[in-house]
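Comments concern the structure below.
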Amino acid sequence: MSSPPKNTAGQAAPFAPSLHEPPKYTFLSMIGVNMMVFMATLDMSIVNVALPSLAKQLDTDFATVQWVILSYVLVVASLLLLVSRLGDMRGKKQIFSLGLGLFTLASLLCGLAPSVGWLIFFRALQGVGAAMSQALGIAIVTELAPPSRRGRAIGLIGATVAMGLALGPSLGGLIIEFIGWRWIFLINVPLGILAQWIIAKYMPALPPRQGGQRFDIPGAIIAALTLAAYSMGMTLGQKTGFSAPMSMSLLSLAAIGLVAFILVERRVQQPMIDMKLFRNPLFSMNLVMSLLVFISLSAGFIMPFFLQYAQGRPPSEVGLLMMAIPLSMGLVAPFAGALSDRFGPRGLSLLGLLILISGCLAVSTLSLDTPWWGFVMRVLPVGLGVGLFQAPNNSAIMGAVPLERLGVASGLLNYSRVFGQTTGLPLIGSIFTLFVVSVTLEPVRTDFAAVSPEALSAGITGAYQFQALLLLAAVGLGIAAWIIDHRRTRNKMSRHA
């Protein structure tokens with residue numbers, strides 16, 4: 001592969017793949033990125049399914065084995081922004097490739113772990129690798145793809161995420177039953193080696209677009225501690241209550257950390273996050289819209305309780321029914337990205353939100369005797385709406401930032417997912433429990449198997465109606481963004497006229 005073109009000063013010019021690289025190289029580079037995205041998503045969904053088997057085979061209790069998930073999530077949450085900034089400073093390929101290698105090695109170590117303590121440690125190491133690659137995936141795709149194909153490329157990532165989510169539960173069950181829990185991690189090793197070969201051979205260097213940058217060490221430390229404290233505080237709050245001393249202390253620490261981070265970043269010459277990014281209302285609005293959608297999507301975790309305990313369906317059937325949302329997301333996401341390239345992201349994002357709201361309202365009408373096909377018809381608009389919204393919205397976010405800040409923008413976009421999930425799980429869970437208690441008129445229960453089917457049905461109705469109400473705020477932001485974008489385009493055209 002030829003070296004990057006030189007500018008008149010003899011330095012490497014900014015990389016422009018559409019001009020300097022064969023289309024095959026760009027396509028294969030994106031395949032390598034999507035393979036890592038698939039592995040990380042598949043691994044997360046498989047491990048969720050495997051917890052009972054891990055607790056039994058590693059001879060430990062459920063409270064301990066949950067750290068197999070928590071150690072991974074907390075490391076990813078605390079490192080996303082730090083790694084994003086390093087990608088802009090040191091080069092995205094270098095950081096991404098190192099993260100992919102670390103993720104693959106840690107997967108091997110997880111599969112060979114002799115005890116639950118070692119497995120938790122290796123999962124944390126796997127989280128470091130995942131953060132290094134996940135934080136930069138969308139930034140790399142944005143830089144590789146020409147602007148006319150950005151939406152399609154980002155849509156492919158959305159389809160890959162949906163595929164990993166859909167295959168995880170079913171594939172995880174088969175692996176655990178027939179070849180053992182270790183292979184839920186070892187399966188990543190050949191995939192990781194293949195992805196690493198593709199990245200090394202076909203991905204261009206993607207050097208930093210600005211030289212002489214300095215790393216904001218105080219900002220990085222504060223950001224990591226703040227994000228970890230928030231994630232841990234929200235996680236503990238779900239289990240022990242948000243009034244518990246440890247939960248309150250962690251969330252208070254996160255609030256103090258946020259204020260300290262903003263004060264530090266405003267005074268640093270080269271900050272972790274350039275606060276000027278948020279002066280662009282289109283960037284900020286689309287980021288908040290993404291956050292609201294991810295908060296609302298957290299409602300998915302309550303559905304198995306309804307399907308299994310209220311409708312009496314076996315776990316295997318519940319797993320198949322729960323695949324309807326990610327599969328419909330995966331089917332529509334690439335087409336949504338292509339359409340956003342042609343028609344722009346604003347209208348498609350709004351249409352996706354409206355379809356998503358209609359799906360939430362439809363799901364809120366589930367009853368105890370709804371047949372399987374009635375369930376599928378209700379949840380399909382949820383998956384279709386998310387798939388139609390996500391790729392255009394992500395494309396709009398990445399298109400609103402300068403090229404030298406793509407890494408940080410990608411990190412913020414990924415963190416909107418992490419923040420949305422950690423916020424949405426206790427929020428939606430509390431709404432669900434509130435409506436359940438309104439029927440049972442008894443103290444809050446943690447064992448929903450002991451709750452009446454009618455109470456679980458009321459919980460589903462209330463949670464999904466709340467979800468639809470929450471998404472109306474995203475629709476309002478989408479309309480405002482469309483108006484601002486239209487005015488900017490009209491003013492630009494009038495200046496050129």
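Each chain in the structure tokens gets a letter, A, B and so on, in the order shown; residues start at 1 in every chain, and ligands are counted from 1 in the order they appear.
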Please provide the set of residues having any atom within 10 Å of Gly168 of chain A, restricted to only C-alpha atoms, with same-chain residues fewer than 4 positions apart removed, written as a ChimeraX atom specification. /A:41-49,162-164,172-174,184,319,323
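Residues within 9 Å of Leu156 of chain A, counting only C-alpha atoms and excluding same-chain residues fewer than 5 positions away, are A:Asn34, A:Gly151, A:Val161, A:Gly330, A:Ala333, A:Pro334, A:Phe335, A:Gly337, A:Ala391.
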Ile484 of chain A: which residues within 10 Å, counting only C-alpha atoms, same-chain residues fewer than 5 positions away excluded, as a ChimeraX atom specification? /A:281-282,478-479,489-490
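Between atom CA of Leu327 of chain A and atom CA of Ala166 of chain A lies a distance of 6.2 Å.
Using only C-alpha atoms, the residues found no farther than 10 Å from Ile256 of chain A, other than those of its own chain fewer than 5 positions away, are Ile222, Thr226, Leu250, Leu251 and Phe261 of chain A.
Counting only C-alpha atoms and comparing A:Ser358, A:Val76, A:Gly462, A:Ala205, the residue that lies closest to Ala224 of chain A is A:Val76.
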Rounded to one decimal in Å, what is the spacing between atom CA of Thr64 of chain A and atom CA of Cys110 of chain A? 15.9 Å
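Using only C-alpha atoms, the protein and nucleic acid residues lying no more than 9 Å from segment 470-477 of chain A, apart from those fewer than 4 places from it along its own chain, are Met285, Asn286, Val288, Met289, Ser290, Leu292, Val293, Ile295, Ser296, Ser349, Leu350, Leu353, Leu354, Leu356, Ile357, Gln465, Phe466, Ala481 and Trp482 of chain A.
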Extract the full set of alpha helix (DSSP H) residues from segment 160-358 of chain A according to DSSP on the backbone, and format it as an MDAnalysis selection string. chainID A and resid 160:178 183:186 188:202 217:240 245:267 281:297 303:305 315:322 324:343 345:358
Skip Leu236 of chain A itself and residues of its chain fewer than 3 positions away, then list as number ranges by chain all residues within 10 Å of it, counting only C-alpha atoms. A: 230-233, 239-242, 244, 246-248, 250, 426
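Shortest separation to Ala55 of chain A among A:Val439, A:Ala463, A:Met35, A:Leu119 occurs at residue A:Leu119, atoms counted being only C-alpha atoms.
With atom CA of Ser430 of chain A on one side and atom CA of Pro314 of chain A on the other, the separation reads 25.7 Å.
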For segment 36-38 of chain A, work out the shell of residues within 10 Å, counting only C-alpha atoms and skipping chain neighbours fewer than 3 positions away, then give it as JSON, numbers by chain. {"A": [31, 32, 33, 41, 42, 43, 44, 96, 97, 99, 100, 103, 104, 130, 133, 134, 137, 138, 157, 158, 159, 160, 161, 162, 163, 164, 165, 188, 191, 192, 195, 196]}
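Distance check against Ile154 of chain A using only C-alpha atoms: of A:Val73, A:Val363, A:Ile273, A:Met30, the minimum falls on A:Met30.
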